[in-house]
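Q: The file below is coords.cif, mmCIF, C-alpha atoms:
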data_data
#
loop_
_atom_site.label_atom_id
_atom_site.label_comp_id
_atom_site.auth_asym_id
_atom_site.auth_seq_id
_atom_site.Cartn_x
_atom_site.Cartn_y
_atom_site.Cartn_z
CA MET G 1 58.79 62.33 -24.60
CA SER G 2 55.04 62.18 -24.05
CA LYS G 3 52.66 64.09 -26.28
CA LYS G 4 51.79 66.42 -23.43
CA ASP G 5 55.46 67.32 -22.89
CA ILE G 6 55.94 68.08 -26.58
CA PHE G 7 52.99 70.47 -26.46
CA LEU G 8 54.07 72.18 -23.24
CA ILE G 9 57.69 72.61 -24.31
CA SER G 10 56.93 74.17 -27.68
CA ALA G 11 54.12 76.32 -26.25
CA PHE G 12 55.84 77.60 -23.08
CA GLN G 13 59.43 76.64 -22.18
CA GLU G 14 60.74 77.10 -25.72
CA ASN G 15 58.09 79.56 -26.89
CA SER G 16 59.03 80.78 -30.37
CA VAL G 17 58.33 84.45 -29.75
CA TRP G 18 59.63 85.28 -26.30
CA ARG G 19 62.34 82.62 -26.08
CA GLN G 20 63.66 82.28 -29.62
CA ILE G 21 62.65 85.76 -30.89
CA LEU G 22 61.06 84.40 -34.06
CA GLY G 23 57.98 85.57 -35.90
CA ILE G 24 58.20 89.08 -34.49
CA CYS G 25 57.01 90.81 -37.68
CA SER G 26 53.42 89.69 -37.52
CA SER G 27 53.22 89.60 -33.73
CA LEU G 28 53.83 93.34 -33.76
CA ALA G 29 51.88 94.31 -36.85
CA VAL G 30 48.45 92.83 -36.24
CA THR G 31 48.18 93.32 -32.49
CA ASN G 32 46.32 96.63 -32.25
CA LEU G 33 42.97 94.77 -32.20
CA MET G 34 42.02 91.58 -30.34
CA MET G 35 39.91 90.23 -33.21
CA ASN G 36 42.70 90.50 -35.77
CA SER G 37 45.18 88.88 -33.39
CA LEU G 38 42.86 85.95 -32.68
CA ILE G 39 42.19 85.29 -36.38
CA MET G 40 45.89 85.62 -37.18
CA GLY G 41 46.77 83.22 -34.37
CA LEU G 42 44.23 80.63 -35.54
CA GLY G 43 45.59 80.95 -39.09
CA VAL G 44 49.11 80.28 -37.84
CA ILE G 45 48.02 77.30 -35.69
CA PHE G 46 46.24 75.77 -38.69
CA SER G 47 49.03 76.20 -41.22
CA LEU G 48 51.82 75.42 -38.75
CA ALA G 49 50.26 72.19 -37.48
CA LEU G 50 49.32 70.84 -40.91
CA ALA G 51 52.58 71.94 -42.56
CA ASN G 52 54.54 70.23 -39.77
CA PHE G 53 52.45 67.08 -40.22
CA THR G 54 52.94 66.99 -44.00
CA ILE G 55 56.66 67.77 -43.85
CA SER G 56 57.11 65.00 -41.31
CA LEU G 57 55.14 62.53 -43.45
CA ILE G 58 57.44 62.94 -46.43
CA ARG G 59 60.63 63.58 -44.46
CA GLU G 60 62.27 60.32 -45.57
CA HIS G 61 61.53 60.94 -49.25
CA THR G 62 62.79 64.55 -49.39
CA PRO G 63 66.34 64.98 -50.74
CA ARG G 64 68.36 67.12 -48.33
CA SER G 65 69.50 69.56 -51.02
CA VAL G 66 65.98 70.73 -51.93
CA ARG G 67 64.27 70.30 -48.55
CA MET G 68 64.03 74.05 -47.84
CA MET G 69 62.17 74.64 -51.10
CA VAL G 70 59.88 71.66 -50.47
CA GLN G 71 59.12 72.90 -46.95
CA THR G 72 58.39 76.42 -48.20
CA LEU G 73 56.03 75.13 -50.88
CA ILE G 74 54.12 72.95 -48.39
CA ILE G 75 53.79 75.90 -46.00
CA ALA G 76 52.70 78.18 -48.86
CA ALA G 77 49.97 75.73 -49.90
CA TYR G 78 48.37 75.80 -46.43
CA VAL G 79 48.70 79.57 -46.14
CA ILE G 80 46.88 79.97 -49.46
CA LEU G 81 44.02 77.91 -47.98
CA VAL G 82 43.88 80.22 -44.95
CA ASP G 83 43.94 83.30 -47.20
CA ILE G 84 41.14 82.05 -49.46
CA PHE G 85 39.05 81.02 -46.43
CA LEU G 86 39.42 84.47 -44.82
CA LYS G 87 38.66 86.32 -48.09
CA ALA G 88 35.47 84.29 -48.52
CA ASN G 89 34.17 84.22 -44.94
CA LEU G 90 35.65 87.22 -43.12
CA PRO G 91 36.34 89.82 -45.83
CA ALA G 92 36.58 92.71 -43.32
CA VAL G 93 39.27 91.04 -41.21
CA SER G 94 41.07 89.83 -44.33
CA LYS G 95 41.26 93.42 -45.58
CA GLN G 96 42.64 94.70 -42.27
CA LEU G 97 45.26 91.96 -42.04
CA GLY G 98 46.28 92.81 -45.61
CA PRO G 99 49.61 91.29 -46.57
CA TYR G 100 50.22 89.77 -43.13
CA VAL G 101 48.22 86.62 -43.90
CA GLY G 102 50.45 85.91 -46.89
CA LEU G 103 53.47 86.75 -44.76
CA ILE G 104 52.77 83.68 -42.60
CA ILE G 105 54.81 81.89 -45.30
CA THR G 106 57.97 83.81 -44.42
CA ASN G 107 57.18 83.73 -40.70
CA CYS G 108 60.35 82.31 -39.20
CA ILE G 109 58.36 80.18 -36.73
CA LEU G 110 57.02 77.91 -39.47
CA MET G 111 60.39 77.39 -41.12
CA GLY G 112 62.01 77.02 -37.71
CA ARG G 113 59.64 74.29 -36.47
CA ALA G 114 59.83 72.47 -39.82
CA GLU G 115 63.60 72.40 -39.70
CA ALA G 116 64.05 71.86 -35.97
CA PHE G 117 61.24 69.38 -35.30
CA ALA G 118 59.20 68.07 -38.23
CA ALA G 119 62.23 67.08 -40.32
CA LYS G 120 63.34 64.67 -37.60
CA ASN G 121 60.21 63.41 -35.81
CA LYS G 122 57.08 61.32 -36.37
CA PRO G 123 54.02 62.90 -38.06
CA LEU G 124 51.75 62.83 -35.01
CA ASP G 125 54.42 64.33 -32.72
CA SER G 126 55.08 67.02 -35.32
CA LEU G 127 51.38 67.83 -35.50
CA ILE G 128 51.29 68.31 -31.72
CA ASP G 129 54.48 70.35 -31.77
CA GLY G 130 52.93 72.57 -34.44
CA ILE G 131 49.75 73.09 -32.42
CA GLY G 132 51.88 73.87 -29.34
CA ALA G 133 54.11 76.41 -31.08
CA GLY G 134 51.08 78.02 -32.73
CA PHE G 135 49.30 78.18 -29.38
CA GLY G 136 52.31 79.87 -27.77
CA TYR G 137 52.42 82.38 -30.60
CA THR G 138 48.68 83.13 -30.29
CA LEU G 139 49.11 83.63 -26.56
CA VAL G 140 51.75 86.34 -27.12
CA LEU G 141 49.61 88.01 -29.78
CA LEU G 142 46.59 88.12 -27.47
CA ALA G 143 48.67 89.40 -24.54
CA ILE G 144 50.07 92.31 -26.57
CA ALA G 145 46.69 93.02 -28.17
CA THR G 146 44.94 93.15 -24.77
CA VAL G 147 47.13 96.05 -23.66
CA ARG G 148 47.05 97.82 -27.02
CA GLU G 149 43.31 97.59 -27.60
CA LEU G 150 42.33 98.42 -24.01
CA LEU G 151 44.51 101.54 -23.84
CA GLY G 152 44.42 102.50 -27.52
CA PHE G 153 40.72 102.13 -28.24
CA GLY G 154 39.26 101.69 -24.75
CA SER G 155 37.62 98.47 -25.90
CA PHE G 156 38.01 94.69 -25.76
CA PHE G 157 37.07 92.61 -28.84
CA GLY G 158 35.38 95.77 -30.12
CA ILE G 159 33.15 96.12 -27.02
CA SER G 160 33.64 99.43 -25.25
CA VAL G 161 34.99 98.89 -21.71
CA PHE G 162 35.89 102.26 -20.26
CA GLY G 163 33.06 104.40 -21.62
CA SER G 164 33.26 107.94 -22.91
CA TRP G 165 35.34 109.54 -20.11
CA PHE G 166 38.41 107.55 -21.15
CA THR G 167 41.12 109.41 -23.06
CA LYS G 168 42.50 107.06 -25.71
CA TRP G 169 46.27 106.62 -25.80
CA SER G 170 46.94 107.16 -29.47
CA ILE G 171 50.51 105.87 -29.11
CA MET G 172 49.08 102.40 -28.41
CA VAL G 173 47.56 102.31 -31.89
CA MET G 174 50.85 103.29 -33.52
CA ALA G 175 53.92 101.18 -34.26
CA PRO G 176 56.32 102.11 -31.39
CA SER G 177 54.05 100.82 -28.60
CA ALA G 178 54.23 97.29 -30.05
CA PHE G 179 58.01 97.29 -29.65
CA PHE G 180 57.81 98.55 -26.08
CA ILE G 181 55.12 96.09 -24.96
CA LEU G 182 56.91 93.08 -26.44
CA ALA G 183 60.15 94.19 -24.77
CA MET G 184 58.33 94.50 -21.41
CA LEU G 185 56.79 91.05 -21.88
CA ILE G 186 60.21 89.51 -22.54
CA TRP G 187 61.62 91.36 -19.53
CA ILE G 188 58.93 90.14 -17.15
CA LEU G 189 59.15 86.55 -18.41
CA ASN G 190 62.94 86.51 -18.17
CA ILE G 191 62.81 87.54 -14.54
CA LYS G 192 59.68 85.76 -13.28
CA TYR G 193 59.57 82.63 -15.44
CA TYR G 194 63.17 81.88 -16.37
CA LYS G 195 64.66 83.49 -13.22
CA VAL G 196 67.58 84.98 -15.17
CA LYS G 197 70.26 86.29 -12.80
CA ALA G 198 73.34 88.40 -13.37
CA MET W 1 45.07 109.63 -56.04
CA THR W 2 48.24 108.36 -57.66
CA ILE W 3 51.52 109.26 -56.01
CA SER W 4 54.53 110.10 -58.15
CA SER W 5 57.31 107.52 -58.02
CA PHE W 6 59.75 110.08 -56.66
CA VAL W 7 57.54 110.88 -53.66
CA LEU W 8 56.91 107.18 -53.13
CA PHE W 9 60.65 106.52 -53.00
CA TRP W 10 61.17 109.03 -50.16
CA ALA W 11 57.98 108.00 -48.42
CA ALA W 12 59.17 104.38 -48.36
CA ILE W 13 62.37 105.48 -46.61
CA PHE W 14 60.96 107.90 -44.05
CA THR W 15 57.21 108.10 -43.51
CA SER W 16 56.34 104.44 -44.01
CA ASN W 17 59.61 102.73 -43.29
CA ILE W 18 59.22 99.03 -44.02
CA LEU W 19 60.74 98.05 -40.70
CA LEU W 20 59.73 100.77 -38.27
CA THR W 21 56.09 101.14 -39.31
CA ASN W 22 55.30 97.82 -41.01
CA PHE W 23 57.52 95.57 -38.87
CA LEU W 24 58.84 93.60 -41.83
CA GLY W 25 62.22 91.84 -41.74
CA MET W 26 62.46 91.82 -37.96
CA CYS W 27 64.08 88.38 -37.57
CA SER W 28 67.31 89.13 -39.41
CA PHE W 29 67.16 92.74 -38.17
CA LEU W 30 67.45 91.59 -34.55
CA SER W 31 69.91 88.74 -35.08
CA VAL W 32 72.43 90.37 -37.44
CA SER W 33 72.56 93.88 -35.95
CA LYS W 34 75.33 93.17 -33.46
CA GLU W 35 78.07 94.72 -35.62
CA VAL W 36 77.98 97.66 -38.00
CA GLU W 37 79.99 95.94 -40.71
CA SER W 38 77.81 92.86 -41.10
CA SER W 39 74.66 94.99 -40.83
CA PHE W 40 75.85 97.09 -43.73
CA GLY W 41 76.55 93.96 -45.79
CA LEU W 42 73.11 92.51 -45.15
CA GLY W 43 71.45 95.90 -45.71
CA VAL W 44 73.08 96.35 -49.12
CA ALA W 45 72.12 92.82 -50.12
CA VAL W 46 68.51 93.43 -49.04
CA PHE W 47 68.37 96.73 -50.96
CA PHE W 48 69.66 95.09 -54.13
CA VAL W 49 67.44 92.01 -54.01
CA LEU W 50 64.38 94.01 -52.94
CA THR W 51 64.64 96.47 -55.86
CA ILE W 52 65.00 93.77 -58.50
CA THR W 53 62.57 91.17 -57.17
CA THR W 54 59.82 93.77 -56.79
CA GLY W 55 60.25 94.60 -60.48
CA LEU W 56 60.35 90.92 -61.45
CA ASN W 57 57.30 90.08 -59.37
CA TYR W 58 55.41 92.99 -60.94
CA LEU W 59 56.11 91.59 -64.41
CA VAL W 60 55.25 88.03 -63.38
CA TYR W 61 52.01 89.15 -61.70
CA HIS W 62 50.71 91.38 -64.47
CA LEU W 63 52.00 89.49 -67.53
CA ILE W 64 51.52 85.89 -66.39
CA LEU W 65 49.29 85.47 -63.34
CA VAL W 66 46.54 87.99 -64.20
CA PRO W 67 46.03 86.94 -67.88
CA LEU W 68 45.96 83.26 -66.91
CA GLY W 69 43.63 83.84 -63.93
CA LEU W 70 46.10 82.31 -61.48
CA VAL W 71 46.13 85.21 -59.01
CA TYR W 72 45.42 82.86 -56.09
CA LEU W 73 48.84 81.26 -56.67
CA GLN W 74 50.63 84.59 -56.14
CA PHE W 75 52.19 83.60 -52.78
CA ILE W 76 53.87 80.48 -54.17
CA ILE W 77 54.99 82.16 -57.39
CA PHE W 78 56.44 85.20 -55.58
CA ILE W 79 58.42 82.98 -53.22
CA ILE W 80 59.76 80.92 -56.11
CA VAL W 81 60.79 84.06 -58.03
CA ILE W 82 62.61 85.42 -54.96
CA ALA W 83 64.33 82.11 -54.16
CA ALA W 84 65.37 81.57 -57.78
CA PHE W 85 66.70 85.10 -58.11
CA VAL W 86 68.72 84.87 -54.90
CA GLN W 87 70.18 81.54 -56.00
CA LEU W 88 71.10 82.96 -59.41
CA LEU W 89 72.63 86.06 -57.87
CA GLU W 90 74.71 83.88 -55.58
CA LEU W 91 76.07 81.89 -58.53
CA VAL W 92 76.85 85.00 -60.59
CA ILE W 93 78.59 86.81 -57.73
CA GLU W 94 80.61 83.73 -56.83
CA ARG W 95 81.76 83.35 -60.44
CA TYR W 96 82.54 86.96 -61.35
CA ALA W 97 83.21 88.79 -58.09
CA PRO W 98 84.76 86.42 -55.53
CA ALA W 99 85.76 89.29 -53.24
CA LEU W 100 82.17 90.54 -53.09
CA TYR W 101 81.00 86.96 -52.60
CA TYR W 102 83.05 86.60 -49.46
CA SER W 103 81.66 89.79 -47.94
CA LEU W 104 78.02 89.53 -49.11
CA GLY W 105 77.61 85.85 -49.99
CA ILE W 106 76.84 84.59 -46.51
CA TYR W 107 73.90 86.99 -46.21
CA LEU W 108 72.20 85.95 -49.44
CA PRO W 109 70.54 82.73 -48.18
CA LEU W 110 69.13 84.72 -45.23
CA ILE W 111 67.35 86.98 -47.67
CA THR W 112 65.05 84.35 -49.16
CA VAL W 113 63.26 84.11 -45.84
CA ASN W 114 63.38 87.83 -45.07
CA CYS W 115 59.76 88.95 -44.82
CA ALA W 116 60.61 92.45 -46.07
CA ILE W 117 61.28 91.15 -49.60
CA PHE W 118 58.07 89.14 -49.78
CA GLY W 119 56.05 91.82 -47.98
CA VAL W 120 56.98 94.56 -50.45
CA SER W 121 55.80 92.38 -53.34
CA LEU W 122 52.47 91.85 -51.54
CA PHE W 123 52.09 95.58 -50.82
CA MET W 124 52.74 96.25 -54.50
CA VAL W 125 49.78 94.06 -55.45
CA ILE W 126 47.45 95.31 -52.71
CA ARG W 127 48.14 99.00 -53.46
CA ASN W 128 47.99 98.62 -57.26
CA TYR W 129 51.35 100.22 -58.02
CA SER W 130 52.52 100.75 -61.61
CA PHE W 131 55.83 99.27 -62.77
CA VAL W 132 57.89 102.41 -62.08
CA GLN W 133 56.13 102.96 -58.75
CA SER W 134 56.86 99.36 -57.74
CA ILE W 135 60.56 99.69 -58.45
CA SER W 136 60.89 102.99 -56.62
CA PHE W 137 58.87 101.61 -53.68
CA GLY W 138 61.15 98.55 -53.63
CA ALA W 139 64.33 100.64 -53.76
CA GLY W 140 63.05 103.07 -51.12
CA SER W 141 62.06 100.25 -48.79
CA GLY W 142 65.49 98.67 -49.25
CA ILE W 143 67.25 101.91 -48.32
CA GLY W 144 64.87 102.40 -45.41
CA TRP W 145 65.70 98.92 -44.11
CA LEU W 146 69.44 99.54 -44.55
CA LEU W 147 69.09 102.82 -42.65
CA ALA W 148 67.20 101.17 -39.77
CA ILE W 149 69.63 98.27 -39.33
CA LEU W 150 72.64 100.61 -39.52
CA MET W 151 71.17 102.84 -36.80
CA LEU W 152 70.39 99.89 -34.54
CA SER W 153 73.81 98.27 -34.98
CA GLY W 154 75.51 101.63 -34.33
CA ILE W 155 73.62 102.00 -31.06
CA ARG W 156 74.11 98.37 -30.06
CA SER W 157 77.88 98.58 -30.56
CA LYS W 158 77.96 101.46 -28.03
CA LEU W 159 75.73 99.49 -25.69
CA LYS W 160 78.31 96.83 -24.92
CA GLU W 161 79.95 98.82 -22.13
CA LYS W 162 76.67 100.05 -20.66
CA LEU W 163 74.77 98.46 -17.81
CA VAL W 164 71.52 96.94 -19.06
CA PRO W 165 69.07 95.17 -16.71
CA VAL W 166 69.74 91.42 -16.89
CA GLY W 167 66.28 90.43 -18.11
CA LEU W 168 66.42 92.96 -20.92
CA GLN W 169 69.79 92.01 -22.36
CA GLY W 170 69.78 90.93 -26.00
CA ALA W 171 66.43 91.04 -27.72
CA GLY W 172 64.63 93.11 -25.07
CA ILE W 173 66.85 96.17 -25.22
CA SER W 174 67.05 95.96 -29.03
CA LEU W 175 63.25 96.09 -29.19
CA ILE W 176 63.15 99.13 -26.91
CA ILE W 177 65.77 100.93 -29.03
CA THR W 178 63.80 100.07 -32.16
CA GLY W 179 60.67 101.45 -30.50
CA ILE W 180 62.42 104.74 -29.77
CA MET W 181 63.65 104.89 -33.37
CA ALA W 182 60.09 104.25 -34.56
CA LEU W 183 58.90 107.12 -32.35
CA ALA W 184 61.50 109.40 -33.94
CA PHE W 185 60.36 108.39 -37.41
CA ILE W 186 56.77 109.32 -36.54
CA GLY W 187 58.08 112.87 -36.75
CA PHE W 188 58.26 112.43 -40.53
CA SER W 189 54.68 111.20 -40.91
CA GLY W 190 52.20 113.75 -42.12
CA ILE W 191 54.58 114.89 -44.87
CA VAL W 192 53.02 112.36 -47.19
CA ASN W 193 50.68 109.44 -46.64
CA VAL W 194 51.05 106.26 -48.67
CA GLN W 195 48.44 103.62 -48.07
#
Taking this structure as input, can you express it in the form of structure tokens?
A:
Amino acid sequence: MSKKDIFLISAFQENSVWRQILGICSSLAVTNLMMNSLIMGLGVIFSLALANFTISLIREHTPRSVRMMVQTLIIAAYVILVDIFLKANLPAVSKQLGPYVGLIITNCILMGRAEAFAAKNKPLDSLIDGIGAGFGYTLVLLAIATVRELLGFGSFFGISVFGSWFTKWSIMVMAPSAFFILAMLIWILNIKYYKVKA
Amino acid sequence: MTISSFVLFWAAIFTSNILLTNFLGMCSFLSVSKEVESSFGLGVAVFFVLTITTGLNYLVYHLILVPLGLVYLQFIIFIIVIAAFVQLLELVIERYAPALYYSLGIYLPLITVNCAIFGVSLFMVIRNYSFVQSISFGAGSGIGWLLAILMLSGIRSKLKEKLVPVGLQGAGISLIITGIMALAFIGFSGIVNVQ
């Protein structure tokens, strides 16, 4: 498989969120603002790609019985880097994301890619797979956040779009809307992209 | 303002349900909720592990990490505490209660990677809860999660005979049902606000 195929498959065809239904927790929780979603997505791309790379590098020296623990610790190390970086450079965003940065560790996407790809493939391929899966995840986050921020706050990346006449949909800021929008996204993709038939 | 532990316990179940308002523990919530029986098993296991690990993590954080100035290692330490506790619990149950092991045992490994367990420990640190508050928040969140997964599995078991649009089958319809449940739970908010 070429490097381009690896990227495209993990980003689109086998997208972790809409295809495998992984990593839903954070894709729902942080998506009421575009800025938070973008930062969260970049954090996941960074830790996913590097964790995949590292896990793949030491895959032949990791005993099978403790590999889950080793993988978790490697992931945790990179997530701590992301957390410290955000606290130092973007304290406002870090405060809004709250526990969800730390929760990247238990995000099923990272564990899933480590187990399904990095534990069996070469380091460079794993790095590309990680970037692809992270990119696919970020794409979903931004798609949900576009709808929620536009309708919920009437703005886009914090810049007012609709002006003062617009009545804000307060449901879009609250939890239930995230469930509905993700369900709609999966519905549309199943029909238009995967052409699912009865 | 400090909230009494009793209020916090009920708030964690209803007004700020760990799953319906904070979206934690979604992966196993969606994949295990096909049958009521297995949902109940997983829910009880989550409740039990959540209550105890929140207490343990409180002690580890305030007695070890803070005095030694190692707070930045909290993510790794919390994960290790949770994984070690789940492993220990598995051994003890297998040795002393084989019957329980066969009904609950298969769900235990799933719990280590359940974000609800880890998330509650992080909330405990961010919101500065005391020891008693942490335990009641952990227990309340566990019951709240159990309640949510039981409701979803109950509805999904009725859904089998119903006609669902093809593209929505599986995860899609479960998400919509969860959204409606979350809407219903908004009715409780305003009674008390825990942030």
Q: Determine, counting all atoms listed in the file, which protein, DNA and RNA residues have an atom within 12 Å of an atom of Ile126 (chain W); residues of the same chain fewer than 5 positions away are not included. Present the result as a list in words.
A: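 Here the answer would be Ser94, Lys95, Gln96, Leu97, Gly98, Pro99, Tyr100 and Gly102 of chain G; Tyr58, Tyr61, Val71, Gln74, Gly119, Val120, Ser121, Ser134 and Gln195 of chain W.
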Q: What are the residues of chain G that have an atom within 6 Å of an atom of chain W, counting all atoms listed in the file, as a PDB file with C-alpha atoms, in the coordinates of the input?
A:
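In the end it all went to out19.pdb:
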ATOM      1  CA  CYS G  25      57.010  90.810 -37.680  1.00  0.00           C
ATOM      2  CA  ALA G  76      52.700  78.180 -48.860  1.00  0.00           C
ATOM      3  CA  PRO G  99      49.610  91.290 -46.570  1.00  0.00           C
ATOM      4  CA  THR G 106      57.970  83.810 -44.420  1.00  0.00           C
ATOM      5  CA  ALA G 175      53.920 101.180 -34.260  1.00  0.00           C
ATOM      6  CA  PRO G 176      56.320 102.110 -31.390  1.00  0.00           C
ATOM      7  CA  PHE G 179      58.010  97.290 -29.650  1.00  0.00           C
ATOM      8  CA  PHE G 180      57.810  98.550 -26.080  1.00  0.00           C
ATOM      9  CA  ALA G 183      60.150  94.190 -24.770  1.00  0.00           C
ATOM     10  CA  TRP G 187      61.620  91.360 -19.530  1.00  0.00           C
ATOM     11  CA  ASN G 190      62.940  86.510 -18.170  1.00  0.00           C
ATOM     12  CA  ILE G 191      62.810  87.540 -14.540  1.00  0.00           C
ATOM     13  CA  ALA G 198      73.340  88.400 -13.370  1.00  0.00           C
TER      14      ALA G 198
END
Q: Check what the PyMOL selection byres ((chain G and resi 86) around 12) selects in the file above and give those residues as a ChimeraX atom specification.
A: /G:36,39-40,42-43,79-85,87-98,101-102
Q: Under the PyMOL selection byres ((chain W and resi 42) around 12), which residues of this model are included? Write them out as number ranges by chain.
A: W: 25, 28-29, 31-41, 43-50, 103-111, 114, 142-143, 145-150, 153
Q: Excluding Val173 (chain G) and any residue of its chain fewer than 4 positions from it, enumerate the residues within 9 Å of it, using all atoms listed in the file, and give them as a PDB file with C-alpha atoms, keeping the file's coordinate frame.
A:
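Saved the output as selection31.pdb:
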ATOM      1  CA  ASN G  32      46.320  96.630 -32.250  1.00  0.00           C
ATOM      2  CA  LEU G  33      42.970  94.770 -32.200  1.00  0.00           C
ATOM      3  CA  ARG G 148      47.050  97.820 -27.020  1.00  0.00           C
ATOM      4  CA  GLU G 149      43.310  97.590 -27.600  1.00  0.00           C
ATOM      5  CA  LEU G 151      44.510 101.540 -23.840  1.00  0.00           C
ATOM      6  CA  GLY G 152      44.420 102.500 -27.520  1.00  0.00           C
ATOM      7  CA  PHE G 153      40.720 102.130 -28.240  1.00  0.00           C
ATOM      8  CA  TRP G 169      46.270 106.620 -25.800  1.00  0.00           C
ATOM      9  CA  SER G 177      54.050 100.820 -28.600  1.00  0.00           C
ATOM     10  CA  ALA G 178      54.230  97.290 -30.050  1.00  0.00           C
TER      11      ALA G 178
END
Q: Work out how far CA of Asp5 (chain G) is from CA of Ala114 (chain G), in Å to one decimal.
A: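 Taking CA of Ala114 (chain G) and CA of Asp5 (chain G), their separation equals 18.2 Å.
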Q: Could you state which residues are captured by the PyMOL selection byres ((chain W and resi 137) around 9) in this file, as a list of chain:residue names?
A: W:Ser5, W:Leu8, W:Phe9, W:Trp10, W:Ala11, W:Ala12, W:Ile13, W:Thr51, W:Thr54, W:Val120, W:Met124, W:Tyr129, W:Val132, W:Gln133, W:Ser134, W:Ile135, W:Ser136, W:Gly138, W:Ala139, W:Gly140, W:Ser141, W:Gly142
Q: Please provide as JSON, numbers by chain all residues within 12 Å of Leu38 (chain G), with the sequence filter that same-chain residues fewer than 2 positions apart are discarded (counting only C-alpha atoms).
A: {"G": [27, 30, 31, 32, 33, 34, 35, 36, 40, 41, 42, 43, 44, 45, 93, 97, 134, 135, 137, 138, 139, 140, 141, 142, 143, 144, 145, 146, 157]}
Q: One decimal, Å: what's the distance from CA of Ser126 (chain G) over to CA of Ile105 (chain G), could you say?
A: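 Atom-to-atom, CA of Ser126 (chain G) to CA of Ile105 (chain G), that is 17.9 Å.
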Q: Residues near region 46-57 of chain G, anyone? I mean within 10 Å using only C-alpha atoms, not counting same-chain ones fewer than 3 positions away, as a PyMOL selection string.
A: chain G and resi 40-43+60-62+67+70-82+104-105+109-111+113-115+117-134
Q: Choose the residue, out of W:Thr2, W:Tyr102, W:Val194, W:Phe131, that has the smallest atom-to-atom separation from Val60 (chain W); count only C-alpha atoms.
A: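 That would be W:Phe131, the residue with the smallest distance to Val60 (chain W).
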Q: Under the rule that all atoms listed in the file are counted, which of G:Ile9, G:Met1, G:Val66, G:Val17 is the nearest residue to Leu189 (chain G)?
A: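 Comparing G:Ile9, G:Met1, G:Val66, G:Val17 against Leu189 (chain G), the winner is G:Val17.
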Q: Hey, what's within 10 Å of Tyr193 (chain G) if we count only C-alpha atoms and toss same-chain stuff fewer than 6 positions away? As a PDB file with C-alpha atoms, keeping the file's coordinate frame, please?
A:
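The resulting file, out.pdb, is reproduced below:
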ATOM      1  CA  PHE G  12      55.840  77.600 -23.080  1.00  0.00           C
ATOM      2  CA  GLN G  13      59.430  76.640 -22.180  1.00  0.00           C
ATOM      3  CA  ILE G 186      60.210  89.510 -22.540  1.00  0.00           C
ATOM      4  CA  TRP G 187      61.620  91.360 -19.530  1.00  0.00           C
TER       5      TRP G 187
END
Q: So the first atom is CA of Thr53 (chain W) and the second is CA of Val66 (chain W); what is the distance between them in Å, to one decimal place?
A: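 For CA of Thr53 (chain W) relative to CA of Val66 (chain W), the distance reads 17.8 Å.
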Q: Which one is closest to Cys108 (chain G): G:Leu182, G:Leu22, G:Ile58, G:Leu8? Count all atoms listed in the file.
A: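 Selected residue with least distance to Cys108 (chain G): G:Leu22.
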Q: Given the choices G:Ile171, G:Gly112, G:Ile188, G:Met69, which gets closest to Ala84 (chain W) if the distance is worked out from all atoms listed in the file?
A: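 Looking at the shortest contact to Ala84 (chain W), the residue is G:Met69.
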